[in-house]
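Just data-v8.cif here, mmCIF, C-alpha atoms:
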data_upload
loop_
_atom_site.group_PDB
_atom_site.id
_atom_site.type_symbol
_atom_site.label_atom_id
_atom_site.label_comp_id
_atom_site.auth_asym_id
_atom_site.auth_seq_id
_atom_site.Cartn_x
_atom_site.Cartn_y
_atom_site.Cartn_z
ATOM 1 C CA MET A 282 57.906 -130.830 69.441
ATOM 2 C CA SER A 283 54.636 -131.435 71.192
ATOM 3 C CA PHE A 284 53.205 -128.632 73.246
ATOM 4 C CA GLU A 285 49.889 -129.327 74.892
ATOM 5 C CA LEU A 286 47.577 -127.069 76.813
ATOM 6 C CA ASP A 287 44.998 -128.171 79.342
ATOM 7 C CA TYR A 288 42.338 -125.990 77.800
ATOM 8 C CA SER A 289 39.482 -126.285 75.392
ATOM 9 C CA VAL A 290 39.893 -123.992 72.379
ATOM 10 C CA HIS A 291 37.326 -121.606 73.854
ATOM 11 C CA GLU A 292 39.192 -121.506 77.149
ATOM 12 C CA TYR A 293 42.421 -120.856 75.283
ATOM 13 C CA ALA A 294 40.811 -117.986 73.352
ATOM 14 C CA ASP A 295 39.481 -116.594 76.635
ATOM 15 C CA LYS A 296 43.002 -116.772 78.072
ATOM 16 C CA ILE A 297 44.324 -114.695 75.160
ATOM 17 C CA ARG A 298 41.562 -112.132 75.719
ATOM 18 C CA LYS A 299 42.358 -111.957 79.424
ATOM 19 C CA THR A 300 46.104 -111.630 78.830
ATOM 20 C CA ILE A 301 45.561 -108.686 76.515
ATOM 21 C CA GLN A 302 43.105 -107.089 78.888
ATOM 22 C CA ASP A 303 45.695 -107.427 81.680
ATOM 23 C CA TYR A 304 47.910 -105.170 79.548
ATOM 24 C CA TYR A 305 45.077 -102.804 78.644
ATOM 25 C CA LYS A 306 46.932 -99.683 79.799
ATOM 26 C CA HIS A 307 49.494 -100.158 77.014
ATOM 27 C CA PHE A 308 46.870 -100.348 74.263
ATOM 28 C CA ILE A 309 44.453 -97.811 72.884
ATOM 29 C CA ASN A 310 41.905 -100.500 72.029
ATOM 30 C CA ALA A 311 42.367 -103.553 74.243
ATOM 31 C CA TRP A 312 38.586 -103.826 74.438
ATOM 32 C CA ASN A 313 38.683 -104.699 70.726
ATOM 33 C CA VAL A 314 40.042 -108.142 71.443
ATOM 34 C CA GLY A 315 36.624 -109.311 72.617
ATOM 35 C CA THR A 316 35.144 -108.968 69.148
ATOM 36 C CA HIS A 317 38.224 -109.140 66.935
ATOM 37 C CA LEU A 318 39.699 -112.389 68.156
ATOM 38 C CA LYS A 319 38.343 -114.848 65.612
ATOM 39 C CA VAL A 320 38.076 -118.560 66.234
ATOM 40 C CA ARG A 321 37.296 -120.609 63.136
ATOM 41 C CA SER A 322 37.343 -124.299 62.372
ATOM 42 C CA LEU A 323 39.421 -125.623 59.503
ATOM 43 C CA GLY A 324 38.170 -129.175 59.952
ATOM 44 C CA ASN A 325 40.287 -132.236 60.794
ATOM 45 C CA ASN A 326 40.504 -131.018 64.412
ATOM 46 C CA PHE A 327 42.320 -127.823 63.444
ATOM 47 C CA VAL A 328 41.106 -124.439 64.600
ATOM 48 C CA SER A 329 42.387 -121.030 63.606
ATOM 49 C CA VAL A 330 42.745 -118.440 66.378
ATOM 50 C CA LYS A 331 43.488 -115.056 64.929
ATOM 51 C CA LEU A 332 43.715 -111.469 66.064
ATOM 52 C CA ASP A 333 44.034 -108.981 63.211
ATOM 53 C CA THR A 334 44.271 -109.950 59.572
ATOM 54 C CA HIS A 335 46.903 -112.210 58.066
ATOM 55 C CA GLN A 336 49.258 -109.643 56.606
ATOM 56 C CA ILE A 337 52.949 -109.722 55.915
ATOM 57 C CA LEU A 338 54.319 -106.373 57.067
ATOM 58 C CA LYS A 339 57.950 -105.367 56.737
ATOM 59 C CA ALA A 340 60.075 -102.339 57.515
ATOM 60 C CA GLY A 341 59.112 -99.379 55.361
ATOM 61 C CA ASP A 342 55.516 -100.489 54.674
ATOM 62 C CA LYS A 343 52.909 -97.814 55.150
ATOM 63 C CA ILE A 344 50.122 -98.769 57.548
ATOM 64 C CA VAL A 345 46.990 -97.260 59.008
ATOM 65 C CA PRO A 346 47.039 -98.210 62.722
ATOM 66 C CA SER A 347 43.303 -97.601 63.132
ATOM 67 C CA GLU A 348 42.650 -100.468 60.692
ATOM 68 C CA HIS A 349 44.290 -102.939 63.039
ATOM 69 C CA ALA A 350 42.658 -104.834 65.858
ATOM 70 C CA LEU A 351 45.212 -104.224 68.591
ATOM 71 C CA VAL A 352 47.187 -100.979 68.701
ATOM 72 C CA PHE A 353 49.650 -99.885 71.374
ATOM 73 C CA LYS A 354 49.557 -96.310 72.596
ATOM 74 C CA ASP A 355 52.639 -95.460 70.510
ATOM 75 C CA GLY A 356 50.875 -96.693 67.345
ATOM 76 C CA SER A 357 52.643 -100.062 67.172
ATOM 77 C CA ILE A 358 50.507 -103.107 66.488
ATOM 78 C CA LEU A 359 50.347 -106.692 67.648
ATOM 79 C CA SER A 360 48.845 -109.554 65.679
ATOM 80 C CA ILE A 361 48.330 -113.213 66.460
ATOM 81 C CA ALA A 362 47.792 -116.073 64.031
ATOM 82 C CA GLN A 363 47.706 -119.593 65.383
ATOM 83 C CA MET A 364 46.584 -123.015 64.298
ATOM 84 C CA ILE A 365 45.368 -125.035 67.233
ATOM 85 C CA GLU A 366 45.011 -128.799 67.098
ATOM 86 C CA VAL A 367 42.123 -130.064 69.204
ATOM 87 C CA ILE A 368 43.120 -133.169 71.127
ATOM 88 C CA SER A 369 40.066 -133.551 73.336
ATOM 89 C CA SER A 370 37.355 -131.382 74.848
ATOM 90 C CA LYS A 371 39.824 -130.191 77.510
ATOM 91 C CA LYS A 372 43.128 -130.434 75.687
ATOM 92 C CA CYS A 373 44.591 -128.704 72.686
ATOM 93 C CA ARG A 374 47.986 -128.178 71.120
ATOM 94 C CA ILE A 375 49.505 -125.087 69.537
ATOM 95 C CA HIS A 376 50.475 -126.526 66.173
ATOM 96 C CA THR A 377 51.653 -123.386 64.417
ATOM 97 C CA SER A 378 51.887 -119.852 65.750
ATOM 98 C CA VAL A 379 53.120 -116.477 64.645
ATOM 99 C CA ILE A 380 52.854 -113.512 66.985
ATOM 100 C CA THR A 381 54.001 -110.319 65.335
ATOM 101 C CA PHE A 382 54.961 -106.994 66.858
ATOM 102 C CA VAL A 383 55.120 -104.123 64.390
ATOM 103 C CA LYS A 384 56.821 -100.949 65.572
ATOM 104 C CA THR A 385 55.626 -97.881 63.739
ATOM 105 C CA LYS A 386 56.864 -94.346 63.370
ATOM 106 C CA THR A 387 55.467 -91.288 61.664
ATOM 107 C CA ASN A 388 57.282 -90.086 58.572
ATOM 108 C CA HIS A 389 57.661 -86.503 57.341
ATOM 109 C CA THR A 390 54.287 -86.582 55.583
ATOM 110 C CA GLY A 391 52.513 -87.702 58.744
ATOM 111 C CA ASP A 392 51.940 -91.284 57.591
ATOM 112 C CA SER A 393 52.596 -94.261 59.846
ATOM 113 C CA ILE A 394 55.245 -96.586 58.506
ATOM 114 C CA VAL A 395 56.720 -99.796 59.844
ATOM 115 C CA GLU A 396 60.012 -99.013 61.546
ATOM 116 C CA TYR A 397 60.755 -102.626 62.321
ATOM 117 C CA ALA A 398 58.862 -105.805 63.087
ATOM 118 C CA PHE A 399 59.562 -109.026 64.830
ATOM 119 C CA HIS A 400 57.687 -112.239 64.791
ATOM 120 C CA TYR A 401 57.812 -115.134 67.174
ATOM 121 C CA ASP A 402 57.213 -118.439 65.415
ATOM 122 C CA LYS A 403 56.254 -121.862 66.527
ATOM 123 C CA VAL A 404 56.446 -124.394 63.744
ATOM 124 C CA ASN A 405 56.909 -128.134 63.471
ATOM 125 C CA ASN A 406 59.518 -130.073 61.567
ATOM 126 C CA VAL A 407 60.820 -127.381 59.236
ATOM 127 C CA PRO A 408 64.272 -128.487 58.033
ATOM 128 C CA ASN A 409 67.155 -126.431 59.410
ATOM 129 C CA HIS A 410 64.797 -124.359 61.500
ATOM 130 C CA PRO A 411 64.137 -124.451 65.233
ATOM 131 C CA ASP A 412 60.584 -125.201 66.278
ATOM 132 C CA PHE A 413 60.598 -122.003 68.314
ATOM 133 C CA HIS A 414 62.044 -118.984 66.676
ATOM 134 C CA LEU A 415 62.304 -115.236 67.074
ATOM 135 C CA GLN A 416 63.145 -113.118 64.074
ATOM 136 C CA PHE A 417 63.575 -109.407 63.603
ATOM 137 C CA ASP A 418 63.086 -107.380 60.502
ATOM 138 C CA TYR A 419 65.593 -105.208 62.059
ATOM 139 C CA ASN A 420 66.486 -101.756 63.163
ATOM 140 C CA GLN A 421 70.050 -102.063 64.475
ATOM 141 C CA LYS A 422 69.451 -99.321 67.015
ATOM 142 C CA ILE A 423 67.058 -101.605 68.897
ATOM 143 C CA ASN A 424 68.582 -103.912 71.447
ATOM 144 C CA THR A 425 67.727 -107.535 70.810
ATOM 145 C CA PRO A 426 65.106 -108.464 73.365
ATOM 146 C CA ARG A 427 66.248 -110.955 75.940
ATOM 147 C CA PHE A 428 64.187 -113.822 74.777
ATOM 148 C CA GLU A 429 64.102 -117.558 75.130
ATOM 149 C CA ILE A 430 64.276 -119.339 71.790
ATOM 150 C CA HIS A 431 64.587 -122.930 72.917
ATOM 151 C CA LYS A 432 61.105 -123.156 74.417
ATOM 152 C CA TYR A 433 57.627 -121.982 73.660
ATOM 153 C CA VAL A 434 57.063 -118.402 74.777
ATOM 154 C CA ASP A 435 53.448 -117.476 75.200
ATOM 155 C CA LEU A 436 51.660 -114.212 74.534
ATOM 156 C CA GLU A 437 51.979 -113.019 78.111
ATOM 157 C CA GLU A 438 55.752 -113.444 78.068
ATOM 158 C CA ILE A 439 55.981 -111.635 74.739
ATOM 159 C CA LEU A 440 53.952 -108.702 76.066
ATOM 160 C CA LYS A 441 56.051 -108.679 79.225
ATOM 161 C CA MET A 442 59.198 -108.542 77.119
ATOM 162 C CA ILE A 443 57.839 -105.748 74.909
ATOM 163 C CA VAL A 444 57.133 -103.619 77.968
ATOM 164 C CA ARG A 445 60.274 -104.631 79.854
ATOM 165 C CA ASP A 446 62.605 -103.863 76.960
ATOM 166 C CA GLN A 447 60.891 -100.530 76.362
ATOM 167 C CA LEU A 448 59.938 -101.251 72.771
ATOM 168 C CA LEU A 449 56.979 -98.925 73.176
ATOM 169 C CA ILE A 450 59.198 -95.934 73.825
ATOM 170 C CA ASN A 451 60.266 -94.006 70.739
ATOM 171 C CA ILE A 452 64.012 -93.571 70.690
ATOM 172 C CA ASP A 453 64.310 -91.034 67.853
ATOM 173 C CA MET B 6 14.111 -141.504 84.492
ATOM 174 C CA THR B 7 13.253 -142.085 80.871
ATOM 175 C CA ASN B 8 15.007 -140.360 78.025
ATOM 176 C CA ASP B 9 11.838 -138.330 77.392
ATOM 177 C CA THR B 10 11.707 -137.123 81.003
ATOM 178 C CA LYS B 11 15.398 -136.259 80.956
ATOM 179 C CA PHE B 12 14.941 -134.299 77.775
ATOM 180 C CA THR B 13 11.847 -132.497 79.066
ATOM 181 C CA LYS B 14 13.792 -131.485 82.172
ATOM 182 C CA PHE B 15 16.769 -130.447 80.074
ATOM 183 C CA MET B 16 14.660 -128.299 77.775
ATOM 184 C CA ASN B 17 12.720 -126.854 80.736
ATOM 185 C CA ILE B 18 9.423 -127.606 79.043
ATOM 186 C CA PRO B 19 6.517 -126.311 81.140
ATOM 187 C CA ASN B 20 4.356 -128.925 82.835
ATOM 188 C CA PHE B 21 1.285 -127.901 80.899
ATOM 189 C CA TYR B 22 3.065 -128.664 77.664
ATOM 190 C CA LEU B 23 2.429 -132.371 77.706
ATOM 191 C CA GLY B 24 -1.024 -131.738 79.145
ATOM 192 C CA ASP B 25 -1.937 -129.655 76.127
ATOM 193 C CA ILE B 26 -0.910 -132.439 73.830
ATOM 194 C CA GLU B 27 -2.863 -134.963 75.915
ATOM 195 C CA LYS B 28 -5.913 -132.686 75.845
ATOM 196 C CA GLN B 29 -5.678 -132.284 72.122
ATOM 197 C CA ASN B 30 -5.402 -136.030 71.671
ATOM 198 C CA LYS B 31 -8.429 -136.577 73.928
ATOM 199 C CA ASP B 32 -10.410 -133.991 71.993
ATOM 200 C CA ASP B 33 -9.572 -135.776 68.806
ATOM 201 C CA ASN B 34 -10.541 -139.100 70.395
ATOM 202 C CA GLN B 35 -7.061 -140.294 69.689
ATOM 203 C CA ILE B 36 -4.588 -142.070 71.937
ATOM 204 C CA VAL B 37 -4.658 -140.613 75.467
ATOM 205 C CA THR B 38 -0.897 -140.717 75.969
ATOM 206 C CA PRO B 39 1.085 -138.084 74.107
ATOM 207 C CA SER B 40 1.604 -138.866 70.479
ATOM 208 C CA LEU B 41 5.321 -139.342 70.055
ATOM 209 C CA GLY B 42 5.146 -138.114 66.493
ATOM 210 C CA LEU B 43 3.422 -134.884 67.511
ATOM 211 C CA TYR B 44 5.682 -134.542 70.534
ATOM 212 C CA ALA B 45 8.810 -134.966 68.427
ATOM 213 C CA ASP B 46 7.551 -132.406 65.907
ATOM 214 C CA GLU B 47 6.931 -129.913 68.701
ATOM 215 C CA ILE B 48 10.397 -130.505 70.120
ATOM 216 C CA ARG B 49 12.004 -130.126 66.723
ATOM 217 C CA GLN B 50 10.227 -126.841 66.195
ATOM 218 C CA ARG B 51 11.131 -125.652 69.675
ATOM 219 C CA VAL B 52 14.840 -126.404 69.177
ATOM 220 C CA LEU B 53 14.853 -124.623 65.828
ATOM 221 C CA ASN B 54 12.933 -121.634 67.239
ATOM 222 C CA GLU B 55 15.326 -121.287 70.159
ATOM 223 C CA PHE B 56 18.270 -121.506 67.795
ATOM 224 C CA ALA B 57 16.769 -118.801 65.556
ATOM 225 C CA GLN B 58 16.114 -116.553 68.574
ATOM 226 C CA THR B 59 19.698 -116.971 69.818
ATOM 227 C CA GLN B 60 21.120 -116.177 66.405
ATOM 228 C CA SER B 61 18.855 -113.135 66.132
ATOM 229 C CA LYS B 62 19.975 -111.831 69.541
ATOM 230 C CA LEU B 63 23.618 -112.361 68.640
ATOM 231 C CA LYS B 64 23.171 -110.492 65.371
ATOM 232 C CA GLU B 65 21.448 -107.598 67.138
ATOM 233 C CA SER B 66 24.252 -107.365 69.677
ATOM 234 C CA GLY B 67 26.838 -107.473 66.893
ATOM 235 C CA GLY B 68 28.460 -110.485 68.469
ATOM 236 C CA LEU B 69 27.568 -113.196 66.014
ATOM 237 C CA GLN B 70 31.117 -113.476 64.698
ATOM 238 C CA SER B 71 32.750 -113.727 68.070
ATOM 239 C CA LYS B 72 30.146 -115.498 70.152
ATOM 240 C CA ARG B 73 29.946 -119.234 70.216
ATOM 241 C CA SER B 74 27.425 -119.437 67.439
ATOM 242 C CA ALA B 75 26.249 -122.869 66.460
ATOM 243 C CA LYS B 76 25.317 -124.700 63.341
ATOM 244 C CA ILE B 77 21.612 -125.316 62.797
ATOM 245 C CA PRO B 78 20.834 -128.389 64.884
ATOM 246 C CA ASP B 79 20.023 -131.441 62.833
ATOM 247 C CA VAL B 80 16.672 -132.483 64.215
ATOM 248 C CA SER B 81 15.287 -134.010 61.077
ATOM 249 C CA VAL B 82 15.060 -137.705 61.843
ATOM 250 C CA LYS B 83 16.247 -138.162 65.411
ATOM 251 C CA GLY B 84 14.599 -139.194 68.646
ATOM 252 C CA HIS B 85 14.354 -137.010 71.734
ATOM 253 C CA SER B 86 17.489 -138.177 73.487
ATOM 254 C CA ASP B 87 19.455 -137.821 70.249
ATOM 255 C CA ILE B 88 18.244 -134.248 69.875
ATOM 256 C CA ALA B 89 19.245 -133.453 73.470
ATOM 257 C CA ALA B 90 22.673 -134.974 72.876
ATOM 258 C CA ASP B 91 23.073 -132.898 69.724
ATOM 259 C CA VAL B 92 22.205 -129.699 71.572
ATOM 260 C CA LEU B 93 24.750 -130.528 74.282
ATOM 261 C CA MET B 94 27.336 -131.294 71.613
ATOM 262 C CA GLU B 95 26.674 -127.937 70.001
ATOM 263 C CA GLU B 96 27.404 -126.239 73.330
ATOM 264 C CA ASN B 97 30.783 -127.954 73.527
ATOM 265 C CA ASN B 98 31.716 -128.070 69.888
ATOM 266 C CA ASP B 99 30.349 -124.937 68.362
ATOM 267 C CA ILE B 100 33.283 -123.374 66.579
ATOM 268 C CA PRO B 101 32.065 -121.907 63.299
ATOM 269 C CA ASP B 102 33.724 -123.041 60.096
ATOM 270 C CA PHE B 103 35.689 -120.632 57.958
ATOM 271 C CA THR B 104 33.467 -119.400 55.167
ATOM 272 C CA LYS B 105 34.764 -119.265 51.625
ATOM 273 C CA GLU B 106 34.484 -115.456 51.698
ATOM 274 C CA GLU B 107 36.546 -115.193 54.908
ATOM 275 C CA LEU B 108 39.238 -117.460 53.479
ATOM 276 C CA MET B 109 39.383 -115.553 50.200
ATOM 277 C CA HIS B 110 39.657 -112.264 52.118
ATOM 278 C CA GLU B 111 42.523 -113.522 54.289
ATOM 279 C CA ILE B 112 44.397 -115.048 51.366
ATOM 280 C CA ASP B 113 43.902 -111.880 49.332
ATOM 281 C CA LEU B 114 45.461 -109.813 52.144
ATOM 282 C CA LEU B 115 48.426 -112.178 52.267
ATOM 283 C CA LYS B 116 48.921 -111.863 48.512
ATOM 284 C CA LYS B 117 48.657 -108.075 48.543
ATOM 285 C CA SER B 118 50.881 -107.544 51.585
ATOM 286 C CA SER B 119 53.538 -109.899 50.200
ATOM 287 C CA ASN B 120 53.329 -108.500 46.647
ATOM 288 C CA CYS B 121 52.928 -112.036 45.374
ATOM 289 C CA ASP B 122 50.131 -113.559 43.296
ATOM 290 C CA SER B 123 50.333 -116.876 45.105
ATOM 291 C CA ILE B 124 52.053 -118.693 47.908
ATOM 292 C CA THR B 125 54.108 -120.510 45.277
ATOM 293 C CA GLU B 126 55.514 -117.190 44.072
ATOM 294 C CA TYR B 127 56.170 -116.133 47.663
ATOM 295 C CA LYS B 128 58.143 -119.304 48.342
ATOM 296 C CA ARG B 129 60.014 -118.937 45.039
ATOM 297 C CA LYS B 130 61.099 -115.422 46.056
ATOM 298 C CA ILE B 131 62.345 -116.793 49.370
ATOM 299 C CA VAL B 132 64.351 -119.499 47.614
ATOM 300 C CA ASN B 133 65.790 -116.894 45.221
ATOM 301 C CA GLY B 134 66.785 -114.666 48.141
ATOM 302 C CA GLU B 135 64.434 -111.866 47.098
ATOM 303 C CA ILE B 136 62.680 -112.157 50.456
ATOM 304 C CA ILE B 137 64.989 -112.500 53.445
ATOM 305 C CA ASN B 138 62.782 -111.941 56.460
ATOM 306 C CA PHE B 139 59.824 -114.265 56.528
ATOM 307 C CA SER B 140 57.928 -116.442 58.918
ATOM 308 C CA HIS B 141 57.832 -120.192 58.429
ATOM 309 C CA ALA B 142 54.721 -120.273 60.607
ATOM 310 C CA GLN B 143 53.043 -117.661 58.407
ATOM 311 C CA ILE B 144 53.801 -119.779 55.339
ATOM 312 C CA LYS B 145 52.366 -122.860 57.027
ATOM 313 C CA ILE B 146 49.215 -120.969 58.010
ATOM 314 C CA TRP B 147 48.871 -119.578 54.457
ATOM 315 C CA GLU B 148 49.136 -123.143 53.124
ATOM 316 C CA MET B 149 46.474 -124.346 55.548
ATOM 317 C CA LEU B 150 44.117 -121.532 54.524
ATOM 318 C CA GLU B 151 44.721 -122.338 50.837
ATOM 319 C CA GLY B 152 44.060 -126.012 51.564
ATOM 320 C CA LYS B 153 40.764 -125.262 53.259
ATOM 321 C CA LEU B 154 39.689 -122.951 50.426
ATOM 322 C CA GLN B 155 40.516 -125.664 47.898
ATOM 323 C CA GLU B 156 38.488 -128.157 49.946
ATOM 324 C CA LEU B 157 35.462 -125.851 49.950
ATOM 325 C CA GLU B 158 35.759 -125.214 46.221
ATOM 326 C CA ASP B 159 36.043 -128.928 45.488
ATOM 327 C CA ALA B 160 32.928 -129.558 47.557
ATOM 328 C CA GLU B 161 30.867 -127.100 45.505
#
Using structure tokens, write down the structure from this file.
Amino acid sequence: MSFELDYSVHEYADKIRKTIQDYYKHFINAWNVGTHLKVRSLGNNFVSVKLDTHQILKAGDKIVPSEHALVFKDGSILSIAQMIEVISSKKCRIHTSVITFVKTKTNHTGDSIVEYAFHYDKVNNVPNHPDFHLQFDYNQKINTPRFEIHKYVDLEEILKMIVRDQLLINID
Amino acid sequence: MTNDTKFTKFMNIPNFYLGDIEKQNKDDNQIVTPSLGLYADEIRQRVLNEFAQTQSKLKESGGLQSKRSAKIPDVSVKGHSDIAADVLMEENNDIPDFTKEELMHEIDLLKKSSNCDSITEYKRKIVNGEIINFSHAQIKIWEMLEGKLQELEDAE
């Protein structure tokens, strides 16, 4: 499914920065996005836009929140990894995207561990898989966020949902 | 307006600049009009100097990674208007390439965090049901990073 944006890649990256800064009160380090959002060319008109490192985190993993680029006030983290296809100087397309929210909690030894995580995918032409997809590595006590899965949901909508569904409030 | 004039205006070259070249040529009893060869050399040097100064400022401010840093302009064999066009292109198309080190770092983190030695092993574990929760987009991005790393290694 084609999904085009009327932005240059730089404008798109600036939009991500602005979106995160609009939610600055929920983060301890929203200012980090200015320097930690990396834009790199892969050649063949593909550009990587990335906030935080490419890591695969799952429930139970130990993490150090301070090592991550974007940390919510409750210690949870948000990461973005996208491949952008440049169409023209003022048009680009989100080819592949994974935006991950990692909810953390402190265990009995004082370490931060992943309580649950969800990622929101955008992929193309994967057999038996929707192009847009939300998946939880799940804690059954968390209500499933009310979330569109038949259309592209951008970062702002994801942040809105995280706040709206009170994912930043510890329930234990 | 000639290409030279356009470029001079674009580069904001002071008026005395061409005069100095003319004076030097007169002193040397050479051609009175500016020597294009000398002029082009001066322009090349100026473009490279300005590039070096910009890079230096970005490094000092710690913003080299995130700012719109550019590749070194190719000013080796081109005329003035070509150089100006290149500089304008750099302003619009200045996304730095992934370095081999950055790619290796990212791929290494993916391997460590997934407890797999390669993306092939990761996909095998998914097929075998050992990994249930995974991101198709993450796999695609991992493959693209691996592809770019392979491309860089092949080019060496």
Determine, counting all atoms listed in the file, which protein, DNA and RNA residues have an atom within 10 Å of an atom of A:Ile394; residues of the same chain fewer than 2 positions away are not included. Present the result as a PyMOL selection string. chain A and resi 338-346+356-357+383-388+391-392+396-397
Atoms to include: C-alpha atoms. Write the selected residues as a PDB file, in the frame of the given file.
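The result, written out as out.pdb:
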ATOM      1  CA  LEU A 338      54.319-106.373  57.067  1.00  0.00           C
ATOM      2  CA  LYS A 339      57.950-105.367  56.737  1.00  0.00           C
ATOM      3  CA  ALA A 340      60.075-102.339  57.515  1.00  0.00           C
ATOM      4  CA  GLY A 341      59.112 -99.379  55.361  1.00  0.00           C
ATOM      5  CA  ASP A 342      55.516-100.489  54.674  1.00  0.00           C
ATOM      6  CA  LYS A 343      52.909 -97.814  55.150  1.00  0.00           C
ATOM      7  CA  ILE A 344      50.122 -98.769  57.548  1.00  0.00           C
ATOM      8  CA  VAL A 345      46.990 -97.260  59.008  1.00  0.00           C
ATOM      9  CA  PRO A 346      47.039 -98.210  62.722  1.00  0.00           C
ATOM     10  CA  GLY A 356      50.875 -96.693  67.345  1.00  0.00           C
ATOM     11  CA  SER A 357      52.643-100.062  67.172  1.00  0.00           C
ATOM     12  CA  VAL A 383      55.120-104.123  64.390  1.00  0.00           C
ATOM     13  CA  LYS A 384      56.821-100.949  65.572  1.00  0.00           C
ATOM     14  CA  THR A 385      55.626 -97.881  63.739  1.00  0.00           C
ATOM     15  CA  LYS A 386      56.864 -94.346  63.370  1.00  0.00           C
ATOM     16  CA  THR A 387      55.467 -91.288  61.664  1.00  0.00           C
ATOM     17  CA  ASN A 388      57.282 -90.086  58.572  1.00  0.00           C
ATOM     18  CA  GLY A 391      52.513 -87.702  58.744  1.00  0.00           C
ATOM     19  CA  ASP A 392      51.940 -91.284  57.591  1.00  0.00           C
ATOM     20  CA  GLU A 396      60.012 -99.013  61.546  1.00  0.00           C
ATOM     21  CA  TYR A 397      60.755-102.626  62.321  1.00  0.00           C
TER      22      TYR A 397
END
Nearby residues (all atoms listed in the file) at most 10 Å from A:Arg321, same-chain spacing under 6 positions excluded, as a VMD selection string: (chain A and resid 327 to 331 364) or (chain B and resid 70 to 71 99 to 104 107)
Residues of chain A at most 10 Å from chain B: nearest atom pair and distance in Å, all atoms listed in the file, as a tab-separated table:
residue	atom	partner	partner_atom	distance
A:Ser289	CA	B:Asn97	CA	9.1
A:Val290	CA	B:Ile100	CA	8.8
A:His291	CA	B:Ile100	CA	8.5
A:Val314	CA	B:Ser71	CA	9.8
A:Gly315	CA	B:Ser71	CA	7.4
A:Thr316	CA	B:Ser71	CA	5.4
A:His317	CA	B:Ser71	CA	7.2
A:Leu318	CA	B:Ser71	CA	7.1
A:Lys319	CA	B:Ser71	CA	6.2
A:Val320	CA	B:Ile100	CA	6.8
A:Arg321	CA	B:Asp102	CA	5.3
A:Ser322	CA	B:Asp102	CA	4.5
A:Leu323	CA	B:Asp102	CA	6.3
A:Gly324	CA	B:Asp102	CA	7.6
A:Phe327	CA	B:Met149	CA	9.6
A:Val328	CA	B:Ile100	CA	8.1
A:Ser329	CA	B:Phe103	CA	8.8
A:Thr334	CA	B:Glu111	CA	6.6
A:His335	CA	B:Glu111	CA	5.9
A:Gln336	CA	B:Leu115	CA	5.1
A:Ile337	CA	B:Ser118	CA	5.3
A:Leu338	CA	B:Ser118	CA	6.6
A:Lys339	CA	B:Asn138	CA	8.2
A:Asp342	CA	B:Ser118	CA	9.0
A:Ala362	CA	B:Gln143	CA	7.9
A:Gln363	CA	B:Ile146	CA	7.7
A:Met364	CA	B:Ile146	CA	7.1
A:Ser370	CA	B:Asn97	CA	7.5
A:His376	CA	B:Ala142	CA	9.4
A:Thr377	CA	B:Ala142	CA	5.8
A:Ser378	CA	B:Ala142	CA	5.9
A:Val379	CA	B:Ala142	CA	5.8
A:Ile380	CA	B:Ala142	CA	9.5
A:Thr381	CA	B:Ser140	CA	9.7
A:Ala398	CA	B:Asn138	CA	9.8
A:Phe399	CA	B:Asn138	CA	9.4
A:His400	CA	B:Ser140	CA	7.2
A:Tyr401	CA	B:Ser140	CA	8.4
A:Asp402	CA	B:Ala142	CA	5.7
A:Lys403	CA	B:Ala142	CA	6.3
A:Val404	CA	B:Ala142	CA	5.5
A:Asn405	CA	B:Ala142	CA	8.6
A:Val407	CA	B:His141	CA	7.8
A:His410	CA	B:His141	CA	8.7
A:Asp412	CA	B:Ala142	CA	9.5
A:Phe413	CA	B:Ala142	CA	9.8
A:His414	CA	B:Ser140	CA	9.1
A:Leu415	CA	B:Ser140	CA	9.3
A:Gln416	CA	B:Asn138	CA	7.7
A:Phe417	CA	B:Asn138	CA	7.6
A:Asp418	CA	B:Asn138	CA	6.1
A:Tyr419	CA	B:Asn138	CA	9.2
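Distance-wise, atom CA of A:Leu351 and atom CA of A:Phe308 end up 7.1 Å apart.
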Between atom CA of A:Thr300 and atom CA of A:Ile365, distance in Å (one decimal): 17.7 Å
Between atom CA of A:Leu359 and atom CA of B:Ile131, what is the spacing in Å?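 About the pair atom CA of B:Ile131 and atom CA of A:Leu359: they are 24.1 Å apart.
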